[in-house]
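Read through the structure below, which is laid out as C-alpha cells, and then see the notes.
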Amino acid sequence: MTWTELGIVALRVILTFGLLLVVTIINVWAERKIVADMQSRIGPSRAGPFGVLQTVADGLKLFFKESITPRKAELGLYTLAPFLAVIPAFLIFMMVPWGAPVTVGDEVVPLQGADLNIGLLFILAMSSMAVYAVVLAGWSSGSKYPLLGGVRATAQAISYEAAMGLAMVSVVVFTATQGDGGTLSLSEIVARQGGNWGDVAPIFSIVPRWNLVPQLVAFVIFLVAIVAETNRAPFDLVEAEQELVGGYHTEYSGMRFAMFFLAEYINIFSMSAIAATLFLGGWNGPTFDGALPGLVSAALPTVWFLLKTYVIVFIFFWLRATLPRLRYDQLMTLGWKGLIPAALAWIALSAVIFGFRQFGPPWS
Amino acid sequence: MGVVSDFLKALKVTARIMVGTMTGSELVTTPYPDEKRVKPQRFHGRHVLNRYPDGMEKCIGCELCAGVCPADCIYVRGKENDPHNPISPGERYGYVYEINMLRCIFCGLCVEACPTEAITMTHLFEFSTTNRADAVYTREELLMDREGRVPHMFPDDPLVDLSELDTADGWVRATAPSGIAAYEGVKMWQGTPGPADWSPEPTQEEIDRRSEDG
Ligand code: SF4
Ligand code: SF4
C-alpha cells in the first residue's frame with residue numbers, strides 16, 4: 001500500500017465520520033423540532049438560527065457535568081458500556097456508501113468508510129454488539145431500573161434482529177438474480193439498483209430499479225425491525241421513562257450519558273441509511289451530467305442518498321410523535337408471531353419466484 | 001386490517017398538526033421570555049406580607065399559615081407587641097417569617113388560612129436562584145413597604161417584571177368571601193396601601209361572556 005492509498009483510505013474514513021457527526025447533530029435538533037411541531041409546540045428556537053445549535057449547547061453542557069458512578073456499579077463494565085454503544089454505531093455507518101465513486105486522478109475512490117465484501121454481515125454483527133452495551137450498562141449500574149431495561153433489551157434485540165436479518169436475506173436473494181452472482185457488499189447492492197425497470201415491461205421504464213419494488217414486503221418488515229432495533233418509540237421499552245425512569249441509562253450522567261444519546265441518534269441515521277441503501281437505491285438518481293456544472297453533478301448522488309435517508313429518518317420521528325408505547329407482550333407478539341413468520345414466508349416466496357425467473361422451472 | 005387503518009389515521013393526525021403548527025394555526029405555545037402570556041387573575045405566584053393603610057403589619061404571628069402548609073415550608077415566630085409602639089394591631093406580630101420557596105407547592109392554603117389576610121400571593125414566578133439559601137424568603141423580602149411596594153430579591157433580573165408584584169393582595173381584596181353568590185360584584189377588602197385600586201372580580205356571567213368571545 002502506497003502513501004497515496006493510505007491517505008485516501010484515511011480521508012474516506014474521516015469524511016464518513018465527519019458526515020455522520022454533522023448529520024447526527026442536525027438530527028437531534030430535527031427530531032426535537034419535528035416532534036414539537038407535531039405537538040403544537042415551538043421546540044428549540046434560541047441557540048443559533050432556528051435553534052440548530054441547540055444540540056451543540058446541550059452537548060457542551062453534558063461535557064462539563066459530573067459523571068456520577070453509583071456505589072454498587074461494576075466499575076469496569078460501567079465505564080466500558082458507553083464505548084460499546086458508540087463504537088459499533090460508528091462502525092455500522094462505515095459500511096454505507098454515501099455517494100457515487102469519484103475519480104481522483106487515476107484512482108477511483110468509493111465514497112464509503114470501508115467497502116467490505118461481507119458488508120451486510122458486518123452490519124448485523126455490529127448491531128448485535130450494540131445490544132451488549134445496553135445489557136451491560138443495565139447490569140453494571142447495580143440498580144433495579146437499569147437492570148430491567150437491560151433485560152428487556154436482550155429479549156427485544158434478539159427478536160427483532162432476527163426479523164431484520166431475514167428481511168436483509170430476501171434482499172440478498174433478490175440481488176443475486178440481478179447480476180453476476182450473489183453479493184453481501186453494500187456498494188455492489190447499490191450499483192445493481194441503477195437504471196430502471198424498463199426490461200420487465202416498457203411501461204415500467206419510469207420506475208427506478210430500486211429493490212423497493214420487488215421487495216416491498218421486506219421493506220416494511222425491515223422498517224419495523226429497525227425501529228425496534230434502535231429502541232425507538234413505539235418500541236422504546238428499554239428506556240420507558242414512565243416505568244423505568246431512564247431504563248438502562250438511568251444511572252449515567254455527563255459525558256457517559258451523552259455517548260449513549262449520541263449512539264442512539266447515530267443508529268437512527270445509519271439504520272435509515274441502510275434501509276435507503278438496500279431498498280431505495282442508495283445514491284442512485286439522476287445526475288444530469290452535462291446539463292449541470294460538473295461539481296454539482298458529482299455531489300448529486302450524495303444529495304439523493306441523504307434525501308432518501310431523511311425520508312426514513314422522518315418516519316422515525318413521525319412514529320415517535322404518533323404512537324404510544326407497545327406493551328411488552330404486544331412487542332413480543334408482533335416480533336415472533338408477525339414479523340418473523342412473515343419474513344420467512346417472504347424469503348421462501350421470493351427465492352422460489354426469482355429462482356424460476358433465473359433458472360427456469362426445475363422440470364425443464 | 002382495522003389496526004392498519006387506525007395507524008394511518010393516527011399518522012394523518014400528527015401530520016396535519018405538524019403542518020398546522022408550521023403555518024401557525026395549531027401553535028399553542030409562546031416563545032416565553034420574549035412574549036409573556038396574560039396570567040389568570042388568581043395566579044399563584046410568590047407570596048407577599050401585606051400592611052394596613054396606616055402602615056401597620058397585618059401579620060399577627062398566629063402561625064396558622066405555618067400549621068396549614070402541606071409542604072411545611074413556612075416558619076413563623078410571633079413576638080409580643082410593644083403596647084406603646086405596636087407593629088401590628090394584634091397582641092403579637094410576625095417577628096421571624098420565612099418561606100422556603102424550594103419547598104412551596106404554591107397551593108395557596110396559607111393565604112386561605114390567614115385570619116387577617118396578611119399573606120397573599122402575587123403574579124411573579126420568575127425567582128430562580130443559584131443557591132438554596134437565596135430561595136428562603138425572609139420577612140425583609142416578603143413584607144411590603146409603607147407605600148405598598150413589594151421588595152424583590154433580584155430587581156435587575158431581565159426576566160422579572162416588577163409590576164407583577166403590584167397585584168399583591170389584589171384578588172383577596174376584591175373577591176367575595178367564600179364564593180357566596182350574594183357577594184358577587186361586591187368589593188370587599190380594600191384600602192390597604194397596595195399600589196393599585198382593585199375593582200371587584202367580574203361576575204360569573206361576565207366571565208362566561210368573555211370566554212365565549214374568546
Ligand atoms: S402556598 Fe402552600 S406550600 Fe406554599 S407556603 Fe403557602 S401553604 Fe405552604
Ligand atoms: S401570615 Fe397570617 S396565618 Fe401566618 S402567622 Fe401571620 S397572621 Fe398568622
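In the C-alpha cells, the first chain shown is A, the next is B, and so on; residue numbers restart at 1 for each chain, and ligands run from 1 in the order shown.
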(request) Could you please tell me, as a list in words, which residues of chain B have an atom within 6 Å of chain A when using only C-alpha atoms? (result) Thr14, Ile17, Met18, Thr21, Glu26, Leu27, Val28 and Thr29 of chain B
Would you write out those residues with C-alpha atoms, as an mmCIF file, in the first residue's frame?
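The file below, selection-v9.cif, is the result:
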```
data_model
loop_
_atom_site.group_PDB
_atom_site.id
_atom_site.type_symbol
_atom_site.label_atom_id
_atom_site.label_comp_id
_atom_site.auth_asym_id
_atom_site.auth_seq_id
_atom_site.Cartn_x
_atom_site.Cartn_y
_atom_site.Cartn_z
ATOM 1 C CA THR B 14 -49.856 14.200 13.560
ATOM 2 C CA ILE B 17 -50.926 19.163 13.252
ATOM 3 C CA MET B 18 -47.331 19.494 12.079
ATOM 4 C CA THR B 21 -48.036 24.328 13.640
ATOM 5 C CA GLU B 26 -52.165 24.999 15.507
ATOM 6 C CA LEU B 27 -49.397 26.579 17.564
ATOM 7 C CA VAL B 28 -50.471 26.895 21.170
ATOM 8 C CA THR B 29 -47.281 27.897 22.989
#
```
(request) Please give the complete set of residues from range 47-83 of chain B that DSSP, run on the backbone, assigns to strand (DSSP E), formatted as an NGL selection string. (result) :B and (47-49 or 74-80)
Keeping only N, CA and C atoms, write the selected residues to a file as a CSV table (one decimal), in the first residue's frame.
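Result went into out-v7.csv, see below:
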```
chain,number,residue,atom,x,y,z
B,47,HIS,N,-45.2,34.9,47.3
B,47,HIS,CA,-46.0,35.5,48.4
B,47,HIS,C,-45.6,36.9,48.7
B,48,VAL,N,-46.5,37.6,49.4
B,48,VAL,CA,-46.1,38.9,50.0
B,48,VAL,C,-46.9,39.0,51.3
B,49,LEU,N,-46.2,39.8,52.2
B,49,LEU,CA,-46.9,40.1,53.5
B,49,LEU,C,-47.4,41.5,53.4
B,74,ILE,N,-43.2,27.0,55.8
B,74,ILE,CA,-43.3,28.4,56.4
B,74,ILE,C,-42.8,28.2,57.9
B,75,TYR,N,-42.0,29.2,58.2
B,75,TYR,CA,-41.5,29.2,59.6
B,75,TYR,C,-41.9,30.6,60.2
B,76,VAL,N,-42.7,30.6,61.2
B,76,VAL,CA,-43.1,31.9,61.8
B,76,VAL,C,-42.8,31.9,63.3
B,77,ARG,N,-42.3,33.0,63.8
B,77,ARG,CA,-42.2,33.1,65.2
B,77,ARG,C,-42.8,34.5,65.6
B,78,GLY,N,-43.9,34.4,66.4
B,78,GLY,CA,-44.5,35.6,66.8
B,78,GLY,C,-43.8,36.3,68.0
B,79,LYS,N,-44.0,37.6,68.1
B,79,LYS,CA,-43.4,38.3,69.3
B,79,LYS,C,-44.4,39.3,69.8
B,80,GLU,N,-44.3,39.4,71.1
B,80,GLU,CA,-45.3,40.4,71.8
B,80,GLU,C,-45.0,41.8,71.3
```
(message) Give me the residues near Tyr160 in chain A as number ranges by chain, where near means some atom within 8 Å (using only C-alpha atoms) and where sequence neighbours in that chain fewer than 3 positions away do not count.
(response) A: 156-157, 163-164, 225-226, 228-229, 335
(message) ligand 2: which residues are within 6 Å, counting only C-alpha atoms and all ligand atoms? Reply as a list of chain:residue names.
(response) B:Cys59, B:Ile60, B:Gly61, B:Cys62, B:Glu63, B:Leu64, B:Cys65, B:Gly94, B:Ala113, B:Cys114, B:Pro115, B:Thr116, B:Ala118, B:Ile119
Check which residues fall inside 10 Å of ligand 1 when counting only C-alpha atoms and all ligand atoms, and print them as an mmCIF file with all heavy atoms, in the first residue's frame.
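Output saved as result_1.cif:
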```cif
data_model
loop_
_atom_site.group_PDB
_atom_site.id
_atom_site.type_symbol
_atom_site.label_atom_id
_atom_site.label_comp_id
_atom_site.auth_asym_id
_atom_site.auth_seq_id
_atom_site.Cartn_x
_atom_site.Cartn_y
_atom_site.Cartn_z
ATOM 1 N N HIS B 44 -51.196 31.859 41.151
ATOM 2 C CA HIS B 44 -50.448 31.664 42.402
ATOM 3 C C HIS B 44 -48.963 31.919 42.175
ATOM 4 O O HIS B 44 -48.248 31.048 41.717
ATOM 5 C CB HIS B 44 -50.658 30.235 42.898
ATOM 6 C CG HIS B 44 -51.999 30.001 43.496
ATOM 7 N ND1 HIS B 44 -52.324 28.848 44.159
ATOM 8 C CD2 HIS B 44 -53.098 30.763 43.532
ATOM 9 C CE1 HIS B 44 -53.570 28.917 44.566
ATOM 10 N NE2 HIS B 44 -54.071 30.068 44.195
ATOM 11 N N GLY B 45 -48.515 33.127 42.475
ATOM 12 C CA GLY B 45 -47.094 33.440 42.347
ATOM 13 C C GLY B 45 -46.440 33.570 43.706
ATOM 14 O O GLY B 45 -46.922 32.995 44.677
ATOM 15 N N ARG B 46 -45.347 34.296 43.785
ATOM 16 C CA ARG B 46 -44.652 34.391 45.070
ATOM 17 C C ARG B 46 -45.489 35.175 46.079
ATOM 18 O O ARG B 46 -46.362 35.965 45.742
ATOM 19 C CB ARG B 46 -43.270 35.027 44.924
ATOM 20 C CG ARG B 46 -43.291 36.486 44.634
ATOM 21 C CD ARG B 46 -42.017 37.161 45.142
ATOM 22 N NE ARG B 46 -42.182 37.628 46.491
ATOM 23 C CZ ARG B 46 -41.506 38.635 47.002
ATOM 24 N NH1 ARG B 46 -40.595 39.267 46.293
ATOM 25 N NH2 ARG B 46 -41.705 39.023 48.245
ATOM 26 N N HIS B 47 -45.206 34.921 47.327
ATOM 27 C CA HIS B 47 -46.027 35.492 48.391
ATOM 28 C C HIS B 47 -45.596 36.911 48.714
ATOM 29 O O HIS B 47 -44.514 37.352 48.385
ATOM 30 C CB HIS B 47 -45.899 34.674 49.671
ATOM 31 C CG HIS B 47 -46.170 33.224 49.489
ATOM 32 N ND1 HIS B 47 -45.283 32.406 48.842
ATOM 33 C CD2 HIS B 47 -47.210 32.458 49.858
ATOM 34 C CE1 HIS B 47 -45.772 31.178 48.821
ATOM 35 N NE2 HIS B 47 -46.939 31.175 49.424
ATOM 36 N N LEU B 64 -50.873 30.198 61.932
ATOM 37 C CA LEU B 64 -51.842 29.324 61.281
ATOM 38 C C LEU B 64 -51.357 28.918 59.891
ATOM 39 O O LEU B 64 -51.557 27.790 59.446
ATOM 40 C CB LEU B 64 -53.193 30.033 61.157
ATOM 41 C CG LEU B 64 -54.031 30.062 62.423
ATOM 42 C CD1 LEU B 64 -55.292 30.875 62.186
ATOM 43 C CD2 LEU B 64 -54.411 28.640 62.837
ATOM 44 N N CYS B 65 -50.709 29.861 59.200
ATOM 45 C CA CYS B 65 -50.213 29.538 57.858
ATOM 46 C C CYS B 65 -49.169 28.428 57.942
ATOM 47 O O CYS B 65 -49.183 27.485 57.152
ATOM 48 C CB CYS B 65 -49.628 30.775 57.199
ATOM 49 S SG CYS B 65 -48.453 31.645 58.239
ATOM 50 N N ALA B 66 -48.306 28.533 58.928
ATOM 51 C CA ALA B 66 -47.278 27.506 59.087
ATOM 52 C C ALA B 66 -47.911 26.166 59.404
ATOM 53 O O ALA B 66 -47.460 25.119 58.947
ATOM 54 C CB ALA B 66 -46.306 27.911 60.186
ATOM 55 N N GLY B 67 -48.998 26.229 60.198
ATOM 56 C CA GLY B 67 -49.651 24.984 60.565
ATOM 57 C C GLY B 67 -50.325 24.317 59.395
ATOM 58 O O GLY B 67 -50.309 23.094 59.266
ATOM 59 N N VAL B 68 -50.911 25.103 58.490
ATOM 60 C CA VAL B 68 -51.699 24.519 57.416
ATOM 61 C C VAL B 68 -50.825 24.106 56.244
ATOM 62 O O VAL B 68 -51.201 23.255 55.434
ATOM 63 C CB VAL B 68 -52.794 25.502 56.965
ATOM 64 C CG1 VAL B 68 -52.212 26.562 56.035
ATOM 65 C CG2 VAL B 68 -53.926 24.773 56.270
ATOM 66 N N CYS B 69 -49.636 24.668 56.158
ATOM 67 C CA CYS B 69 -48.820 24.460 54.954
ATOM 68 C C CYS B 69 -48.516 22.976 54.746
ATOM 69 O O CYS B 69 -47.885 22.338 55.569
ATOM 70 C CB CYS B 69 -47.528 25.237 55.062
ATOM 71 S SG CYS B 69 -46.449 24.955 53.652
ATOM 72 N N PRO B 70 -48.981 22.393 53.654
ATOM 73 C CA PRO B 70 -48.761 20.964 53.428
ATOM 74 C C PRO B 70 -47.290 20.643 53.129
ATOM 75 O O PRO B 70 -46.857 19.508 53.318
ATOM 76 C CB PRO B 70 -49.634 20.653 52.221
ATOM 77 C CG PRO B 70 -49.786 21.941 51.502
ATOM 78 C CD PRO B 70 -49.736 23.018 52.544
ATOM 79 N N ALA B 71 -46.561 21.624 52.661
ATOM 80 C CA ALA B 71 -45.160 21.371 52.338
ATOM 81 C C ALA B 71 -44.267 21.718 53.524
ATOM 82 O O ALA B 71 -43.053 21.546 53.454
ATOM 83 C CB ALA B 71 -44.741 22.190 51.124
ATOM 84 N N ASP B 72 -44.878 22.226 54.562
ATOM 85 C CA ASP B 72 -44.126 22.536 55.776
ATOM 86 C C ASP B 72 -42.981 23.516 55.492
ATOM 87 O O ASP B 72 -41.865 23.319 55.940
ATOM 88 C CB ASP B 72 -43.541 21.243 56.360
ATOM 89 C CG ASP B 72 -43.638 21.267 57.870
ATOM 90 O OD1 ASP B 72 -44.116 22.288 58.388
ATOM 91 O OD2 ASP B 72 -43.247 20.274 58.518
ATOM 92 N N CYS B 73 -43.270 24.539 54.727
ATOM 93 C CA CYS B 73 -42.171 25.401 54.319
ATOM 94 C C CYS B 73 -42.235 26.785 54.921
ATOM 95 O O CYS B 73 -41.407 27.640 54.631
ATOM 96 C CB CYS B 73 -42.100 25.482 52.803
ATOM 97 S SG CYS B 73 -43.529 26.258 52.060
ATOM 98 N N ILE B 74 -43.232 27.044 55.785
ATOM 99 C CA ILE B 74 -43.295 28.362 56.431
ATOM 100 C C ILE B 74 -42.786 28.230 57.868
ATOM 101 O O ILE B 74 -43.087 27.258 58.555
ATOM 102 C CB ILE B 74 -44.738 28.911 56.451
ATOM 103 C CG1 ILE B 74 -45.331 28.878 55.055
ATOM 104 C CG2 ILE B 74 -44.754 30.311 57.017
ATOM 105 C CD1 ILE B 74 -46.668 29.553 54.959
ATOM 106 N N TYR B 75 -41.984 29.189 58.246
ATOM 107 C CA TYR B 75 -41.521 29.223 59.628
ATOM 108 C C TYR B 75 -41.879 30.584 60.188
ATOM 109 O O TYR B 75 -41.453 31.617 59.657
ATOM 110 C CB TYR B 75 -40.012 28.997 59.676
ATOM 111 C CG TYR B 75 -39.431 29.165 61.064
ATOM 112 C CD1 TYR B 75 -39.807 28.295 62.090
ATOM 113 C CD2 TYR B 75 -38.543 30.182 61.343
ATOM 114 C CE1 TYR B 75 -39.299 28.447 63.355
ATOM 115 C CE2 TYR B 75 -38.021 30.345 62.615
ATOM 116 C CZ TYR B 75 -38.401 29.466 63.628
ATOM 117 O OH TYR B 75 -37.898 29.629 64.882
ATOM 118 N N GLU B 98 -40.379 33.197 57.533
ATOM 119 C CA GLU B 98 -39.592 32.668 56.414
ATOM 120 C C GLU B 98 -40.424 31.707 55.583
ATOM 121 O O GLU B 98 -41.165 30.895 56.130
ATOM 122 C CB GLU B 98 -38.355 31.903 56.941
ATOM 123 C CG GLU B 98 -37.277 32.816 57.448
ATOM 124 C CD GLU B 98 -36.131 32.043 58.066
ATOM 125 O OE1 GLU B 98 -36.176 30.796 58.042
ATOM 126 O OE2 GLU B 98 -35.213 32.694 58.575
ATOM 127 N N ILE B 99 -40.299 31.775 54.266
ATOM 128 C CA ILE B 99 -40.912 30.780 53.387
ATOM 129 C C ILE B 99 -39.808 30.201 52.518
ATOM 130 O O ILE B 99 -39.052 30.941 51.894
ATOM 131 C CB ILE B 99 -41.992 31.392 52.478
ATOM 132 C CG1 ILE B 99 -43.092 32.017 53.324
ATOM 133 C CG2 ILE B 99 -42.587 30.312 51.581
ATOM 134 C CD1 ILE B 99 -44.234 32.559 52.502
ATOM 135 N N ASN B 100 -39.732 28.887 52.526
ATOM 136 C CA ASN B 100 -38.753 28.236 51.664
ATOM 137 C C ASN B 100 -39.400 27.979 50.302
ATOM 138 O O ASN B 100 -40.201 27.078 50.142
ATOM 139 C CB ASN B 100 -38.296 26.921 52.297
ATOM 140 C CG ASN B 100 -37.168 26.293 51.512
ATOM 141 O OD1 ASN B 100 -36.927 26.651 50.361
ATOM 142 N ND2 ASN B 100 -36.477 25.366 52.143
ATOM 143 N N MET B 101 -39.025 28.791 49.341
ATOM 144 C CA MET B 101 -39.671 28.710 48.030
ATOM 145 C C MET B 101 -39.318 27.435 47.277
ATOM 146 O O MET B 101 -39.983 27.079 46.309
ATOM 147 C CB MET B 101 -39.267 29.913 47.180
ATOM 148 C CG MET B 101 -39.814 31.206 47.697
ATOM 149 S SD MET B 101 -41.602 31.230 47.630
ATOM 150 C CE MET B 101 -41.934 32.798 48.418
ATOM 151 N N LEU B 102 -38.265 26.759 47.705
ATOM 152 C CA LEU B 102 -37.937 25.494 47.045
ATOM 153 C C LEU B 102 -38.927 24.404 47.436
ATOM 154 O O LEU B 102 -39.128 23.452 46.699
ATOM 155 C CB LEU B 102 -36.523 25.043 47.415
ATOM 156 C CG LEU B 102 -35.392 25.802 46.740
ATOM 157 C CD1 LEU B 102 -34.076 25.312 47.255
ATOM 158 C CD2 LEU B 102 -35.464 25.614 45.245
ATOM 159 N N ARG B 103 -39.523 24.552 48.613
ATOM 160 C CA ARG B 103 -40.453 23.522 49.055
ATOM 161 C C ARG B 103 -41.897 23.877 48.762
ATOM 162 O O ARG B 103 -42.739 22.993 48.659
ATOM 163 C CB ARG B 103 -40.288 23.297 50.560
ATOM 164 C CG ARG B 103 -38.918 22.806 50.917
ATOM 165 C CD ARG B 103 -38.878 22.324 52.330
ATOM 166 N NE ARG B 103 -39.791 21.204 52.545
ATOM 167 C CZ ARG B 103 -39.827 20.485 53.642
ATOM 168 N NH1 ARG B 103 -38.977 20.757 54.622
ATOM 169 N NH2 ARG B 103 -40.667 19.499 53.770
ATOM 170 N N CYS B 104 -42.150 25.162 48.660
ATOM 171 C CA CYS B 104 -43.530 25.611 48.470
ATOM 172 C C CYS B 104 -44.115 25.006 47.200
ATOM 173 O O CYS B 104 -43.458 24.923 46.171
ATOM 174 C CB CYS B 104 -43.542 27.126 48.362
ATOM 175 S SG CYS B 104 -45.167 27.788 48.012
ATOM 176 N N ILE B 105 -45.371 24.549 47.285
ATOM 177 C CA ILE B 105 -46.031 23.994 46.106
ATOM 178 C C ILE B 105 -47.067 24.970 45.560
ATOM 179 O O ILE B 105 -47.860 24.611 44.705
ATOM 180 C CB ILE B 105 -46.682 22.642 46.429
ATOM 181 C CG1 ILE B 105 -47.638 22.794 47.597
ATOM 182 C CG2 ILE B 105 -45.643 21.586 46.734
ATOM 183 C CD1 ILE B 105 -48.485 21.564 47.834
ATOM 184 N N PHE B 106 -47.080 26.180 46.084
ATOM 185 C CA PHE B 106 -47.975 27.235 45.601
ATOM 186 C C PHE B 106 -49.429 26.791 45.581
ATOM 187 O O PHE B 106 -50.143 26.988 44.621
ATOM 188 C CB PHE B 106 -47.512 27.749 44.235
ATOM 189 C CG PHE B 106 -46.138 28.330 44.328
ATOM 190 C CD1 PHE B 106 -45.016 27.572 44.090
ATOM 191 C CD2 PHE B 106 -45.988 29.632 44.768
ATOM 192 C CE1 PHE B 106 -43.759 28.093 44.247
ATOM 193 C CE2 PHE B 106 -44.731 30.175 44.921
ATOM 194 C CZ PHE B 106 -43.610 29.403 44.665
ATOM 195 N N CYS B 107 -49.834 26.164 46.686
ATOM 196 C CA CYS B 107 -51.200 25.704 46.796
ATOM 197 C C CYS B 107 -52.121 26.812 47.271
ATOM 198 O O CYS B 107 -53.322 26.761 47.061
ATOM 199 C CB CYS B 107 -51.288 24.524 47.754
ATOM 200 S SG CYS B 107 -50.732 24.952 49.405
ATOM 201 N N GLY B 108 -51.555 27.800 47.950
ATOM 202 C CA GLY B 108 -52.374 28.907 48.411
ATOM 203 C C GLY B 108 -53.127 28.643 49.699
ATOM 204 O O GLY B 108 -53.960 29.448 50.108
ATOM 205 N N LEU B 109 -52.823 27.524 50.354
ATOM 206 C CA LEU B 109 -53.542 27.225 51.605
ATOM 207 C C LEU B 109 -53.193 28.231 52.696
ATOM 208 O O LEU B 109 -54.024 28.551 53.544
ATOM 209 C CB LEU B 109 -53.222 25.802 52.073
ATOM 210 C CG LEU B 109 -53.922 24.704 51.288
ATOM 211 C CD1 LEU B 109 -53.524 23.344 51.837
ATOM 212 C CD2 LEU B 109 -55.423 24.873 51.371
ATOM 213 N N CYS B 110 -51.932 28.727 52.679
ATOM 214 C CA CYS B 110 -51.534 29.709 53.687
ATOM 215 C C CYS B 110 -52.391 30.960 53.553
ATOM 216 O O CYS B 110 -52.812 31.555 54.540
ATOM 217 C CB CYS B 110 -50.051 30.043 53.546
ATOM 218 S SG CYS B 110 -49.534 30.400 51.868
ATOM 219 N N VAL B 111 -52.668 31.348 52.298
ATOM 220 C CA VAL B 111 -53.486 32.539 52.059
ATOM 221 C C VAL B 111 -54.884 32.316 52.624
ATOM 222 O O VAL B 111 -55.470 33.199 53.247
ATOM 223 C CB VAL B 111 -53.542 32.830 50.555
ATOM 224 C CG1 VAL B 111 -54.414 34.033 50.281
ATOM 225 C CG2 VAL B 111 -52.155 33.024 50.001
ATOM 226 N N GLU B 112 -55.408 31.112 52.438
ATOM 227 C CA GLU B 112 -56.755 30.835 52.927
ATOM 228 C C GLU B 112 -56.799 30.783 54.441
ATOM 229 O O GLU B 112 -57.782 31.179 55.055
ATOM 230 C CB GLU B 112 -57.237 29.495 52.368
ATOM 231 C CG GLU B 112 -57.766 29.613 50.975
ATOM 232 C CD GLU B 112 -58.310 28.281 50.492
ATOM 233 O OE1 GLU B 112 -59.002 27.618 51.279
ATOM 234 O OE2 GLU B 112 -58.015 27.922 49.339
ATOM 235 N N ALA B 113 -55.702 30.294 55.038
ATOM 236 C CA ALA B 113 -55.719 30.092 56.489
ATOM 237 C C ALA B 113 -55.569 31.393 57.246
ATOM 238 O O ALA B 113 -56.032 31.511 58.387
ATOM 239 C CB ALA B 113 -54.594 29.134 56.888
ATOM 240 N N ILE B 119 -50.982 37.302 54.526
ATOM 241 C CA ILE B 119 -50.157 36.721 53.467
ATOM 242 C C ILE B 119 -51.021 36.488 52.233
ATOM 243 O O ILE B 119 -52.115 35.942 52.319
ATOM 244 C CB ILE B 119 -49.454 35.426 53.946
ATOM 245 C CG1 ILE B 119 -48.526 34.943 52.841
ATOM 246 C CG2 ILE B 119 -50.452 34.346 54.319
ATOM 247 C CD1 ILE B 119 -47.392 34.139 53.344
ATOM 248 N N THR B 120 -50.546 36.986 51.112
ATOM 249 C CA THR B 120 -51.249 36.785 49.847
ATOM 250 C C THR B 120 -50.212 36.477 48.777
ATOM 251 O O THR B 120 -49.018 36.488 49.044
ATOM 252 C CB THR B 120 -52.053 38.026 49.431
ATOM 253 O OG1 THR B 120 -51.165 39.134 49.411
ATOM 254 C CG2 THR B 120 -53.199 38.283 50.372
ATOM 255 N N MET B 121 -50.720 36.216 47.590
ATOM 256 C CA MET B 121 -49.800 35.845 46.517
ATOM 257 C C MET B 121 -49.820 36.879 45.402
ATOM 258 O O MET B 121 -50.827 37.533 45.164
ATOM 259 C CB MET B 121 -50.194 34.483 45.964
ATOM 260 C CG MET B 121 -49.888 33.376 46.944
ATOM 261 S SD MET B 121 -50.624 31.862 46.400
ATOM 262 C CE MET B 121 -49.267 30.766 46.643
#
```
(request) Taking the DSSP assignment computed from this structure's backbone, write out as number ranges by chain all residues of range 62-276 of chain A that belong to alpha helix (DSSP H). (result) A: 62-63, 75-94, 119-140, 144-176, 186-191, 216-229, 241-244, 254-276
(message) Please compute the CA of Ala233 in chain A-CA of Thr55 in chain A distance, one decimal, in Å.
(response)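 Computed distance, CA of Ala233 in chain A to CA of Thr55 in chain A, equals 20.4 Å.
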(message) Please compute the CA of Lys58 in chain B-CA of Pro86 in chain B distance, one decimal, in Å.
(response) 11.5 Å
(request) Enter the distance from CA of Met332 in chain A to CA of Leu237 in chain A, in Å, rounded to one decimal. (result)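 So the answer is 11.3 Å.
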(request) Considering only C-alpha atoms, state which residue in the set A:Arg232, A:Arg192, A:Arg320, A:His249 is at the smallest distance from Tyr145 in chain A. (result)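 That would be A:His249, the residue with the smallest distance to Tyr145 in chain A.
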